[in-house]
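*Asks:* Take a look at start.cif, mmCIF, C-alpha atoms (C1' of nucleotides):
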data_model
#
loop_
_atom_site.label_atom_id
_atom_site.label_comp_id
_atom_site.auth_asym_id
_atom_site.auth_seq_id
_atom_site.Cartn_x
_atom_site.Cartn_y
_atom_site.Cartn_z
CA MET R 40 -1.46 0.51 28.75
CA ASN R 41 -0.92 3.12 26.06
CA PHE R 42 0.11 3.19 22.44
CA ALA R 43 2.96 5.20 21.03
CA LEU R 44 3.08 5.96 17.36
CA VAL R 45 6.60 6.63 16.16
CA ASP R 46 6.75 8.20 12.73
CA CYS R 47 9.90 9.16 10.84
CA ASN R 48 9.95 12.81 9.82
CA ASN R 49 9.94 13.28 6.04
CA PHE R 50 11.32 9.77 5.86
CA TYR R 51 12.55 9.49 2.27
CA ALA R 52 14.09 12.95 2.39
CA SER R 53 15.74 12.13 5.73
CA CYS R 54 17.22 8.90 4.32
CA GLU R 55 18.77 10.80 1.42
CA ARG R 56 20.23 13.38 3.79
CA VAL R 57 21.95 10.77 5.93
CA PHE R 58 24.22 9.95 3.00
CA ASN R 59 24.30 13.34 1.35
CA PRO R 60 24.58 16.10 3.95
CA ARG R 61 24.61 18.75 1.22
CA LEU R 62 20.88 18.17 0.99
CA ILE R 63 20.39 19.34 4.59
CA GLY R 64 18.67 22.71 4.84
CA ARG R 65 17.67 22.74 1.17
CA PRO R 66 14.24 22.06 -0.25
CA LEU R 67 14.26 18.43 -1.42
CA VAL R 68 11.61 16.38 -3.18
CA ILE R 69 11.52 12.67 -3.98
CA LEU R 70 9.70 11.50 -7.11
CA SER R 71 7.45 8.51 -7.68
CA ASN R 72 8.37 5.64 -9.94
CA ASN R 73 8.83 6.93 -13.45
CA ASP R 74 9.80 10.27 -11.93
CA GLY R 75 6.15 11.12 -12.50
CA CYS R 76 5.14 13.11 -9.46
CA VAL R 77 6.27 14.21 -6.01
CA ILE R 78 5.76 11.61 -3.28
CA ALA R 79 7.91 12.98 -0.47
CA ARG R 80 9.10 16.43 0.54
CA SER R 81 11.51 17.92 3.01
CA GLU R 82 10.20 20.55 5.40
CA GLU R 83 11.68 23.30 3.20
CA ALA R 84 9.89 21.90 0.15
CA LYS R 85 6.60 21.87 2.06
CA GLN R 86 7.22 25.50 3.05
CA LEU R 87 7.56 26.38 -0.63
CA GLY R 88 4.04 25.07 -1.13
CA ILE R 89 4.98 22.00 -3.19
CA LYS R 90 2.07 19.59 -2.95
CA MET R 91 2.07 15.85 -2.51
CA GLY R 92 1.43 14.30 -5.93
CA ALA R 93 2.47 17.41 -7.86
CA PRO R 94 3.37 16.29 -11.43
CA THR R 95 7.08 16.69 -12.13
CA PHE R 96 6.68 18.01 -15.67
CA LYS R 97 4.52 20.91 -14.53
CA ASN R 98 7.00 21.97 -11.89
CA GLU R 99 10.47 21.67 -13.43
CA THR R 100 10.77 25.44 -13.80
CA PHE R 101 9.62 26.06 -10.27
CA PHE R 102 12.13 23.51 -8.96
CA ARG R 103 14.94 25.25 -10.82
CA GLN R 104 13.90 28.70 -9.69
CA HIS R 105 13.88 27.70 -6.04
CA GLN R 106 16.90 25.40 -6.28
CA VAL R 107 14.88 22.42 -5.16
CA ALA R 108 16.93 19.22 -5.06
CA VAL R 109 15.01 16.53 -6.99
CA LEU R 110 15.64 12.80 -6.61
CA SER R 111 14.09 9.62 -8.00
CA SER R 112 12.89 7.28 -5.27
CA ASN R 113 15.39 4.73 -4.00
CA TYR R 114 13.40 1.99 -2.30
CA ALA R 115 16.41 -0.23 -1.71
CA LEU R 116 17.80 2.54 0.51
CA TYR R 117 14.51 3.43 2.23
CA GLY R 118 13.62 -0.20 2.93
CA ASP R 119 16.99 -0.87 4.51
CA MET R 120 16.95 2.31 6.60
CA SER R 121 13.44 1.45 7.73
CA ALA R 122 14.60 -1.96 8.98
CA ARG R 123 17.40 -0.26 10.94
CA VAL R 124 15.03 2.20 12.59
CA MET R 125 12.69 -0.63 13.61
CA GLU R 126 15.52 -2.70 15.06
CA VAL R 127 16.67 0.21 17.20
CA MET R 128 13.21 0.53 18.76
CA ARG R 129 12.28 -3.12 19.12
CA PRO R 130 14.38 -3.89 22.23
CA LEU R 131 13.05 -0.81 24.02
CA VAL R 132 9.46 -2.04 24.31
CA SER R 133 7.51 -5.19 25.10
CA ALA R 134 5.60 -5.19 21.80
CA MET R 135 5.79 -3.38 18.49
CA GLU R 136 3.77 -3.29 15.29
CA VAL R 137 5.59 -2.16 12.16
CA TYR R 138 2.75 -0.28 10.53
CA SER R 139 4.42 1.07 7.41
CA ILE R 140 7.85 1.76 6.00
CA ASP R 141 8.23 4.77 8.29
CA GLU R 142 5.88 4.14 11.22
CA ALA R 143 5.53 1.77 14.14
CA PHE R 144 3.06 1.44 16.99
CA LEU R 145 4.66 0.57 20.32
CA SER R 146 3.02 -0.81 23.41
CA LEU R 147 3.85 1.36 26.43
CA ASP R 148 3.40 1.00 30.18
CA ASP R 149 1.45 3.80 31.80
CA ALA R 150 4.70 4.98 33.40
CA HIS R 151 6.25 5.64 30.01
CA GLY R 152 5.53 9.22 29.02
CA GLU R 153 7.34 11.98 27.23
CA ASP R 154 10.71 11.22 28.83
CA PHE R 155 10.64 7.78 27.31
CA ALA R 156 9.49 9.22 23.99
CA ARG R 157 12.48 11.56 23.99
CA GLU R 158 14.76 8.63 24.75
CA ILE R 159 13.44 6.75 21.71
CA ARG R 160 13.88 9.83 19.59
CA GLU R 161 17.45 10.39 20.67
CA ARG R 162 18.50 6.82 20.17
CA VAL R 163 16.98 6.44 16.70
CA ARG R 164 18.53 9.73 15.69
CA GLN R 165 21.95 8.77 17.00
CA TRP R 166 22.01 5.21 15.68
CA THR R 167 20.45 5.76 12.25
CA GLY R 168 20.48 9.50 11.54
CA ILE R 169 16.72 9.56 11.09
CA PRO R 170 14.57 12.08 13.04
CA VAL R 171 11.29 10.74 14.40
CA SER R 172 8.22 12.08 16.20
CA VAL R 173 6.34 10.25 18.94
CA GLY R 174 2.67 10.48 19.91
CA ILE R 175 1.34 8.71 23.01
CA ALA R 176 -2.35 7.96 23.72
CA PRO R 177 -4.70 5.25 24.98
CA THR R 178 -5.85 4.32 21.44
CA LYS R 179 -4.15 3.98 18.09
CA THR R 180 -6.34 6.64 16.51
CA LEU R 181 -5.45 9.15 19.22
CA ALA R 182 -1.77 8.16 19.07
CA LYS R 183 -1.81 8.96 15.35
CA LEU R 184 -3.39 12.29 16.09
CA ALA R 185 -0.94 13.04 18.90
CA ASN R 186 1.93 12.21 16.57
CA ARG R 187 0.69 14.69 13.95
CA LEU R 188 0.46 17.41 16.57
CA ALA R 189 3.89 16.57 17.95
CA LYS R 190 5.28 16.99 14.45
CA LYS R 191 3.34 20.12 13.55
CA THR R 192 3.92 22.07 16.74
CA PRO R 193 7.61 23.03 16.98
CA GLN R 194 7.55 23.81 20.70
CA ARG R 195 6.59 20.19 21.41
CA GLN R 196 9.94 19.08 20.01
CA GLY R 197 8.60 15.97 18.37
CA VAL R 198 6.84 14.36 21.32
CA LEU R 199 3.31 14.58 22.72
CA ASP R 200 1.72 12.52 25.47
CA PHE R 201 -2.00 12.93 24.86
CA THR R 202 -2.86 11.29 28.19
CA ARG R 203 -1.34 14.27 30.02
CA VAL R 204 -2.67 17.23 28.05
CA PRO R 205 -4.83 19.56 30.17
CA ASP R 206 -7.67 20.04 27.67
CA ALA R 207 -7.87 17.22 25.16
CA ASP R 208 -11.21 18.36 23.72
CA ALA R 209 -9.82 21.79 22.87
CA ILE R 210 -7.10 20.05 20.86
CA LEU R 211 -9.59 17.72 19.14
CA ALA R 212 -11.68 20.74 18.18
CA MET R 213 -8.79 22.03 16.08
CA VAL R 214 -8.47 18.85 14.00
CA PRO R 215 -10.73 18.67 10.94
CA CYS R 216 -12.34 15.27 10.33
CA SER R 217 -10.47 14.76 7.07
CA GLU R 218 -7.21 14.70 9.05
CA ILE R 219 -8.28 11.84 11.29
CA TRP R 220 -6.67 8.50 10.50
CA GLY R 221 -9.11 6.47 8.39
CA ILE R 222 -11.31 9.39 7.32
CA GLY R 223 -10.51 10.83 3.92
CA THR R 224 -12.19 13.48 1.85
CA ARG R 225 -15.15 11.29 0.84
CA LEU R 226 -16.06 10.24 4.32
CA SER R 227 -15.60 13.70 5.83
CA ALA R 228 -17.92 15.02 3.11
CA ARG R 229 -20.57 12.63 4.41
CA LEU R 230 -20.13 13.94 7.96
CA ALA R 231 -20.22 17.66 7.11
CA PRO R 232 -24.00 17.83 6.44
CA MET R 233 -24.56 16.31 9.88
CA GLY R 234 -22.64 19.19 11.43
CA ILE R 235 -19.65 17.01 12.25
CA GLN R 236 -16.58 19.03 11.27
CA THR R 237 -13.87 18.28 13.80
CA ALA R 238 -12.48 15.35 15.75
CA ARG R 239 -14.27 16.74 18.79
CA ASP R 240 -17.62 16.75 16.95
CA LEU R 241 -17.07 13.15 15.91
CA LYS R 242 -16.11 12.06 19.41
CA TYR R 243 -19.40 13.37 20.85
CA ALA R 244 -21.65 12.51 17.87
CA GLU R 245 -24.56 10.10 18.21
CA MET R 246 -22.99 6.68 17.48
CA ALA R 247 -26.02 5.47 15.55
CA ASN R 248 -25.71 8.43 13.18
CA VAL R 249 -22.00 7.88 12.71
CA ARG R 250 -22.62 4.23 11.97
CA GLY R 251 -25.34 5.12 9.50
CA ALA R 252 -23.05 7.50 7.64
CA LEU R 253 -19.73 5.68 7.80
CA GLY R 254 -20.48 2.10 8.81
CA VAL R 255 -18.52 0.16 11.38
CA ILE R 256 -15.22 1.79 10.42
CA GLY R 257 -16.52 5.22 11.32
CA GLU R 258 -18.04 4.02 14.56
CA ARG R 259 -14.73 2.45 15.55
CA ILE R 260 -12.86 5.67 14.84
CA ALA R 261 -15.36 7.74 16.82
CA ARG R 262 -15.06 5.44 19.83
CA GLU R 263 -11.28 5.49 19.62
CA LEU R 264 -11.37 9.30 19.66
CA GLY R 265 -13.26 8.95 22.92
CA GLY R 266 -10.45 6.85 24.37
CA LEU R 267 -12.02 3.41 23.98
CA PRO R 268 -9.51 1.08 22.27
CA CYS R 269 -11.07 -0.78 19.33
CA LEU R 270 -7.88 -1.56 17.42
CA ASP R 271 -5.21 -3.87 18.80
CA LEU R 272 -1.50 -3.90 18.31
CA GLU R 273 -0.75 -6.41 15.57
CA GLU R 274 2.73 -7.69 16.15
CA LEU R 275 2.84 -10.30 13.43
CA PRO R 276 2.25 -9.08 9.92
CA ALA R 277 -0.99 -10.60 8.64
CA THR R 278 -0.55 -13.24 5.99
CA LYS R 279 -0.75 -11.50 2.68
CA LYS R 280 -4.00 -11.90 0.79
CA GLY R 281 -2.49 -10.96 -2.51
CA ILE R 282 0.70 -9.80 -4.17
CA ALA R 283 0.72 -7.28 -6.96
CA SER R 284 3.15 -5.78 -9.38
CA ALA R 285 2.13 -3.03 -11.74
CA LYS R 286 4.00 -0.13 -13.23
CA SER R 287 3.52 2.65 -15.71
CA PHE R 288 5.81 2.64 -18.73
CA GLY R 289 8.53 5.18 -19.39
CA HIS R 290 6.93 5.77 -22.81
CA PRO R 291 3.59 4.79 -24.29
CA VAL R 292 3.61 1.20 -25.57
CA GLU R 293 1.62 -0.12 -28.54
CA THR R 294 2.97 -3.54 -29.39
CA LEU R 295 1.92 -6.79 -27.80
CA GLN R 296 5.55 -7.82 -27.56
CA GLU R 297 6.54 -4.91 -25.36
CA LEU R 298 3.51 -5.44 -23.15
CA GLU R 299 4.44 -9.10 -22.85
CA GLU R 300 8.01 -8.31 -21.87
CA ALA R 301 6.89 -5.83 -19.25
CA LEU R 302 4.24 -8.14 -17.83
CA ALA R 303 6.64 -11.09 -17.78
CA SER R 304 9.08 -8.94 -15.80
CA TYR R 305 6.44 -7.91 -13.26
CA THR R 306 5.36 -11.53 -13.02
CA ALA R 307 8.91 -12.60 -12.26
CA ARG R 308 8.90 -10.05 -9.44
CA VAL R 309 5.68 -11.48 -8.05
CA GLY R 310 7.21 -14.98 -8.24
CA GLU R 311 10.20 -13.79 -6.20
CA LYS R 312 7.94 -12.25 -3.59
CA LEU R 313 5.87 -15.42 -3.34
CA ARG R 314 8.94 -17.58 -2.85
CA ALA R 315 10.43 -15.13 -0.36
CA GLY R 316 7.24 -15.47 1.71
CA ARG R 317 7.05 -19.25 1.13
CA LEU R 318 3.62 -18.78 -0.40
CA LEU R 319 1.71 -20.20 -3.34
CA ALA R 320 -0.98 -18.43 -5.33
CA ALA R 321 -3.85 -20.02 -7.21
CA HIS R 322 -5.50 -17.06 -8.86
CA VAL R 323 -3.97 -14.63 -11.35
CA SER R 324 -5.48 -11.40 -12.66
CA VAL R 325 -3.95 -9.18 -15.30
CA PHE R 326 -4.93 -5.72 -16.51
CA VAL R 327 -3.88 -3.19 -19.12
CA GLU R 328 -4.74 0.48 -19.33
CA THR R 329 -4.12 3.52 -21.49
CA ASN R 330 -3.18 6.92 -20.08
CA PRO R 331 -6.23 8.23 -18.19
CA PHE R 332 -4.82 11.77 -18.30
CA SER R 333 -4.77 11.94 -22.07
CA ALA R 334 -7.66 13.91 -23.51
CA THR R 335 -6.81 13.03 -27.11
CA GLN R 336 -5.90 9.34 -27.14
CA PRO R 337 -8.64 6.70 -27.20
CA GLN R 338 -9.01 4.99 -23.82
CA TYR R 339 -9.04 1.27 -23.17
CA ASN R 340 -8.99 -0.54 -19.82
CA ALA R 341 -9.37 -4.26 -19.54
CA GLY R 342 -8.67 -7.07 -17.14
CA ALA R 343 -8.90 -10.85 -17.09
CA GLN R 344 -8.53 -13.51 -14.43
CA THR R 345 -7.85 -17.21 -14.25
CA THR R 346 -7.60 -19.87 -11.61
CA LEU R 347 -4.65 -22.20 -11.92
CA LEU R 348 -5.14 -25.95 -11.71
CA GLN R 349 -2.72 -25.96 -8.84
CA PRO R 350 -1.34 -23.20 -6.61
CA THR R 351 2.20 -22.28 -7.55
CA ASN R 352 5.07 -19.89 -6.97
CA GLN R 353 6.98 -20.96 -10.07
CA THR R 354 7.74 -18.00 -12.26
CA SER R 355 7.51 -20.00 -15.49
CA VAL R 356 3.98 -21.20 -14.66
CA LEU R 357 2.89 -17.73 -13.58
CA ILE R 358 4.31 -16.11 -16.71
CA ALA R 359 2.52 -18.59 -18.98
CA ALA R 360 -0.79 -17.84 -17.27
CA ALA R 361 -0.27 -14.08 -17.21
CA LEU R 362 0.69 -13.87 -20.88
CA ASP R 363 -2.35 -15.95 -21.91
CA LEU R 364 -4.56 -13.48 -20.08
CA LEU R 365 -2.77 -10.52 -21.60
CA ARG R 366 -3.25 -11.86 -25.13
CA SER R 367 -6.95 -12.28 -24.45
CA ILE R 368 -7.40 -8.60 -23.60
CA TYR R 369 -4.85 -6.96 -25.89
CA ARG R 370 -6.34 -4.80 -28.65
CA VAL R 371 -4.41 -3.20 -31.48
CA GLY R 372 -4.47 0.56 -31.86
CA TYR R 373 -4.07 1.85 -28.33
CA GLN R 374 -1.25 3.61 -26.57
CA TYR R 375 -0.85 1.58 -23.43
CA LYS R 376 0.45 3.26 -20.32
CA LYS R 377 0.41 0.53 -17.75
CA THR R 378 0.05 -3.18 -17.18
CA GLY R 379 0.25 -5.34 -14.13
CA LEU R 380 -0.90 -8.43 -12.33
CA PHE R 381 -2.30 -9.43 -8.98
CA VAL R 382 -2.15 -12.95 -7.56
CA THR R 383 -4.52 -14.12 -4.83
CA ALA R 384 -5.90 -17.31 -3.27
CA MET R 385 -2.72 -17.74 -1.30
CA SER R 386 -1.63 -20.76 0.66
CA PRO R 387 1.56 -21.61 2.50
CA GLU R 388 4.14 -23.69 0.66
CA GLY R 389 3.86 -27.36 1.57
CA ALA R 390 0.10 -27.41 2.09
CA VAL R 391 -0.93 -27.95 -1.50
CA GLN R 392 -4.16 -29.55 -2.51
CA LEU R 393 -3.36 -31.45 -5.68
CA SER R 394 -5.82 -30.97 -8.49
CA LEU R 395 -8.06 -33.88 -9.31
CA PHE R 396 -7.11 -33.57 -12.96
CA GLU R 397 -3.43 -32.88 -12.69
CA GLU R 398 -0.59 -35.31 -12.38
CA ARG R 399 2.00 -34.12 -9.91
CA GLU R 400 4.37 -32.02 -11.96
CA ASP R 401 8.11 -32.37 -11.72
CA LYS R 402 8.41 -29.99 -8.79
CA PRO R 403 12.00 -30.43 -7.69
CA VAL R 404 13.44 -29.34 -11.04
CA ALA R 405 11.24 -26.26 -11.46
CA GLN R 406 11.64 -25.27 -7.85
CA GLY R 407 15.38 -25.73 -7.92
CA LEU R 408 15.62 -23.50 -10.96
CA SER R 409 13.67 -20.67 -9.36
CA VAL R 410 15.70 -20.89 -6.18
CA ILE R 411 18.96 -20.61 -8.10
CA VAL R 412 17.64 -17.71 -10.18
CA ASP R 413 16.62 -15.98 -6.94
CA GLN R 414 20.05 -16.51 -5.42
CA LEU R 415 21.89 -15.22 -8.47
CA ASN R 416 19.70 -12.15 -8.74
CA ARG R 417 20.06 -11.37 -5.05
CA LYS R 418 23.81 -11.59 -5.34
CA LEU R 419 24.37 -9.95 -8.70
CA GLY R 420 21.47 -7.51 -8.88
CA ALA R 421 17.85 -7.72 -9.99
CA ASN R 422 17.22 -9.28 -13.41
CA THR R 423 20.77 -10.51 -13.99
CA VAL R 424 19.20 -13.84 -14.87
CA ARG R 425 15.92 -13.45 -16.77
CA TYR R 426 13.23 -15.52 -18.35
CA GLY R 427 13.23 -15.32 -22.14
CA SER R 428 9.79 -13.75 -22.30
CA MET R 429 11.06 -10.72 -20.39
CA GLY R 430 13.21 -9.69 -23.35
CA THR R 431 16.46 -7.81 -22.86
CA ARG R 432 15.90 -4.31 -24.14
CA ASP R 433 13.44 -2.99 -21.56
CA THR R 434 12.15 -0.44 -24.06
CA TRP R 435 9.15 0.06 -21.80
CA ALA R 436 11.09 0.49 -18.57
CA MET R 437 10.21 3.27 -16.18
CA ARG R 438 12.32 6.36 -15.94
CA GLN R 439 14.47 6.84 -12.90
CA ASN R 440 16.91 9.47 -13.92
CA ARG R 441 17.87 10.95 -10.59
CA ARG R 442 18.29 8.06 -8.20
CA SER R 443 20.88 8.19 -5.41
CA ARG R 444 23.05 5.14 -4.79
CA LYS R 445 22.08 1.98 -2.91
CA PHE R 446 24.45 3.05 -0.15
CA THR R 447 23.57 0.33 2.31
CA THR R 448 22.61 -2.69 0.23
CA ARG R 449 25.11 -2.99 -2.64
CA TRP R 450 28.86 -3.33 -2.11
CA SER R 451 29.48 -1.60 -5.40
CA GLU R 452 27.52 1.47 -4.29
CA LEU R 453 28.98 1.97 -0.83
CA PRO R 454 29.51 5.57 0.22
CA VAL R 455 33.13 6.66 0.00
CA ALA R 456 34.74 8.91 2.58
CA LYS R 457 37.83 10.88 1.69
CA ALA R 458 40.05 11.63 4.68
"C1'" DT M 151 6.72 14.18 -24.12
"C1'" DC M 152 5.81 14.07 -18.87
"C1'" DT M 153 0.43 12.63 -13.33
"C1'" DG M 154 3.18 5.97 -8.42
"C1'" DG M 155 2.64 1.39 -6.54
"C1'" DG M 156 1.09 -1.90 -3.23
"C1'" DG M 157 -1.88 -2.95 0.04
"C1'" DT M 158 -6.27 -3.38 3.58
"C1'" DC M 159 -11.08 -3.55 5.05
"C1'" DC M 160 -16.07 -3.20 4.41
"C1'" DT M 161 -20.49 -3.51 1.94
"C1'" DA M 162 -23.99 -4.96 -1.18
"C1'" DG M 163 -25.86 -8.23 -4.02
"C1'" DG M 164 -26.22 -12.72 -6.23
"C1'" DA M 165 -25.84 -17.77 -6.01
"C1'" DC M 166 -26.54 -21.49 -3.46
"C1'" DC M 167 -27.72 -24.47 0.54
"C1'" DC M 168 -30.88 -26.52 3.94
"C1'" DT Q 36 -53.38 -23.63 -4.30
"C1'" DC Q 37 -49.53 -22.69 -1.93
"C1'" DT Q 38 -43.86 -20.40 -3.01
"C1'" DG Q 39 -39.82 -18.87 3.80
"C1'" DG Q 40 -36.09 -17.60 6.28
"C1'" DG Q 41 -31.56 -17.85 7.63
"C1'" DG Q 42 -27.01 -18.71 6.60
"C1'" DT Q 43 -22.48 -18.88 3.82
"C1'" DC Q 44 -19.52 -17.89 0.11
"C1'" DC Q 45 -18.00 -15.19 -3.65
"C1'" DT Q 46 -17.26 -11.02 -6.33
"C1'" DA Q 47 -17.16 -6.22 -7.53
"C1'" DG Q 48 -16.69 -1.79 -6.09
"C1'" DG Q 49 -15.72 1.88 -2.83
"C1'" DA Q 50 -12.88 4.04 0.50
"C1'" DC Q 51 -8.83 4.45 2.84
"C1'" DC Q 52 -3.68 4.22 4.02
"C1'" DC Q 53 1.40 5.09 3.24
#
Since I need it in another form, could you write the structure as structure tokens?
*Replies:*
Amino acid sequence: MNFALVDCNNFYASCERVFNPRLIGRPLVILSNNDGCVIARSEEAKQLGIKMGAPTFKNETFFRQHQVAVLSSNYALYGDMSARVMEVMRPLVSAMEVYSIDEAFLSLDDAHGEDFAREIRERVRQWTGIPVSVGIAPTKTLAKLANRLAKKTPQRQGVLDFTRVPDADAILAMVPCSEIWGIGTRLSARLAPMGIQTARDLKYAEMANVRGALGVIGERIARELGGLPCLDLEELPATKKGIASAKSFGHPVETLQELEEALASYTARVGEKLRAGRLLAAHVSVFVETNPFSATQPQYNAGAQTTLLQPTNQTSVLIAAALDLLRSIYRVGYQYKKTGLFVTAMSPEGAVQLSLFEEREDKPVAQGLSVIVDQLNRKLGANTVRYGSMGTRDTWAMRQNRRSRKFTTRWSELPVAKA
DNA sequence: TCTGGGGTCCTAGGACCC
DNA sequence: TCTGGGGTCCTAGGACCC
């Protein structure tokens, strides 16, 4: 059995191009939330040397000079396109793991090689408009690596079956450790003094040394490079251990009220996610921070946590807890840049341990309210119905000045064809 | 003026138990 | 007078991924 890793090429840029063909052939970048920095680039933008994470404000002139198309990110579109790509592939294989918004591992029979990979590619392209690359190998780590090579080497035309390459070690010798899946700059810096520079070096390194330097993660990666599978296909998404919502503000925020409104809004989002997953959370943590990039403003970072008497997914309960925590860490005199919350200690709905000290609260009413709010907001758009503490002015809201339309998920934003 | 957000896994150390 | 060893659970922090 082998793994295939299918990865969408320049996914966000490709999604935008499906609905706006004028973007084809031009350099195109997609910005992070708040239009803060570059998080995705078309091939042409990469050619121009635009780096991942490049701050927008330092590059506006460059973008204009090179006629780079610049868009805010449109996650409603990317999420929906992702689901379509996955559904095209799912019937073609016996098992699939959706690994990220633009990647999936597939389980392949030994008979399935590059012909099959090309078939997947063609079908996804034809049915969704999204180009993908496919890497095939006996382990996930090698499949990742094969995928990168398939993408980077034009003559491979987007597919590479690593089980059939004549000299695998010669290929591994060209891959620096920092480009191996799971090894970043910090870990590769630990390997360098041991003379381990490339994937080939790591494959043949003394396992005890690798383990000493990188722990079990590193040992697993090294063994996978050698062709020994240590990571399984995970078909079912693991139950979430926590749900977070945190965002930077469009402008610096000083008042407690604005922080409260922002945090209440993020909390409402977390409540929606909990209910969508039929989960309850028992632990809430909240943090605030100032702008770490500012050399002149005084810095302040703080966080606080609490455990609820009873696990919940009710937005009103979560907001009350989150705002209490926020008030306990808020200090006057700072320019806040970001706040957010993280809920943990999750349990499935319907398996609640009642607190010893708490009477059963009037669940049906609260739950009914949240369900109706969820339905209305799904139908009419996010935040149509709000909790009072969220305010209505959104003075703190993130910038998103250049977003394309929600072509596939909102009737009012459907693409229009003129014939 | 302007630098993302949402996750996972592992490790070390302390508290506590028998 | 003497003061172990092995285990679990929790938390904080580090590193990574997309």
*Asks:* Which residue, R:Ser367, R:Ser53, R:Ser217, R:Ser133, has the smallest gap to chain Q when you use all atoms listed in the file?
*Replies:*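 Going through R:Ser367, R:Ser53, R:Ser217, R:Ser133 one by one, the smallest distance to chain Q is for R:Ser217.
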*Asks:* Show which residues sit within 12 Å of DG164 of chain M, as number ranges by chain. Count only C-alpha atoms (C1' of nucleotides), and ignore same-chain residues fewer than 6 positions away.
*Replies:* Q: 44-47
*Asks:* Show me, as a ChimeraX atom specification, the residues of chain M whose atoms get within 9 Å of chain R, using all atoms listed in the file for the distance check.
*Replies:* /M:151-157,159-161
*Asks:* Kindly give the distance, in Å, that separates atom CA of Glu311 of chain R and atom CA of Val424 of chain R, rounded to a single decimal.
*Replies:* 12.5 Å
*Asks:* One decimal, Å: what's the distance from atom CA of Phe102 of chain R over to atom CA of Ile69 of chain R, could you say?
*Replies:* 11.9 Å
*Asks:* One decimal, Å: what's the distance from atom CA of Asp148 of chain R over to atom CA of Pro177 of chain R, could you say?
*Replies:*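 Computing the Euclidean distance for atom CA of Asp148 of chain R and atom CA of Pro177 of chain R yields 10.5 Å.
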*Asks:* Evaluate the PyMOL selection byres ((chain R and resi 359-364) around 10) against this structure - the residues, as a compact mmCIF listing (two decimals) with C-alpha atoms, in the coordinates of the input, please.
*Replies:*
# COMPACT_ATOMS: atom_id res chain seq x y z
CA LEU R 295 1.92 -6.79 -27.80
CA LEU R 298 3.51 -5.44 -23.15
CA GLU R 299 4.44 -9.10 -22.85
CA GLU R 300 8.01 -8.31 -21.87
CA LEU R 302 4.24 -8.14 -17.83
CA ALA R 303 6.64 -11.09 -17.78
CA TYR R 305 6.44 -7.91 -13.26
CA THR R 306 5.36 -11.53 -13.02
CA HIS R 322 -5.50 -17.06 -8.86
CA VAL R 323 -3.97 -14.63 -11.35
CA SER R 324 -5.48 -11.40 -12.66
CA VAL R 325 -3.95 -9.18 -15.30
CA PHE R 326 -4.93 -5.72 -16.51
CA GLY R 342 -8.67 -7.07 -17.14
CA ALA R 343 -8.90 -10.85 -17.09
CA GLN R 344 -8.53 -13.51 -14.43
CA THR R 345 -7.85 -17.21 -14.25
CA THR R 346 -7.60 -19.87 -11.61
CA LEU R 347 -4.65 -22.20 -11.92
CA THR R 354 7.74 -18.00 -12.26
CA SER R 355 7.51 -20.00 -15.49
CA VAL R 356 3.98 -21.20 -14.66
CA LEU R 357 2.89 -17.73 -13.58
CA ILE R 358 4.31 -16.11 -16.71
CA LEU R 365 -2.77 -10.52 -21.60
CA ARG R 366 -3.25 -11.86 -25.13
CA SER R 367 -6.95 -12.28 -24.45
CA ILE R 368 -7.40 -8.60 -23.60
CA TYR R 369 -4.85 -6.96 -25.89
CA GLY R 379 0.25 -5.34 -14.13
CA LEU R 380 -0.90 -8.43 -12.33
CA PHE R 381 -2.30 -9.43 -8.98
CA VAL R 382 -2.15 -12.95 -7.56
CA SER R 428 9.79 -13.75 -22.30
*Asks:* Please determine, counting all atoms listed in the file, which residue among R:Ile140, R:Leu44, R:Ala134, R:Leu226 has the shortest atom-to-atom distance to DC53 of chain Q.
*Replies:*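 Distance minimum relative to DC53 of chain Q lands on R:Ile140.
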*Asks:* Go through R:Ile169, R:Val292, R:Ile260, R:Ala321 and flag the residue nearest Ala122 of chain R, using all atoms listed in the file for the distances.
*Replies:*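 The shortest atom-to-atom distance to Ala122 of chain R comes from R:Ile169.
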*Asks:* Which polymer residues, whether protein, DNA or RNA, lie within 10 Å of the coordinate (-18.8, 7.7, 1.3) when you count all atoms listed in the file? List them as a CSV table (one decimal) with C-alpha atoms (C1' of nucleotides), in the frame of the given file, using the chain letters and numbers from the file.
*Replies:*
chain,number,residue,atom,x,y,z
R,222,ILE,CA,-11.3,9.4,7.3
R,223,GLY,CA,-10.5,10.8,3.9
R,224,THR,CA,-12.2,13.5,1.8
R,225,ARG,CA,-15.2,11.3,0.8
R,226,LEU,CA,-16.1,10.2,4.3
R,227,SER,CA,-15.6,13.7,5.8
R,228,ALA,CA,-17.9,15.0,3.1
R,229,ARG,CA,-20.6,12.6,4.4
R,230,LEU,CA,-20.1,13.9,8.0
R,252,ALA,CA,-23.0,7.5,7.6
R,253,LEU,CA,-19.7,5.7,7.8
R,254,GLY,CA,-20.5,2.1,8.8
Q,49,DG,C1',-15.7,1.9,-2.8
Q,50,DA,C1',-12.9,4.0,0.5
*Asks:* Would you place a box with edges along x, y and z of the file around all atoms of segment 295-311 of chain R listed there, add 6 Å to each of its six sides, and report the centre and edge lengths in Å to one decimal, as AutoDock Vina command-line options?
*Replies:*
--center_x 6.1 --center_y -9.9 --center_z -17.0 --size_x 20.3 --size_y 22.1 --size_z 33.6
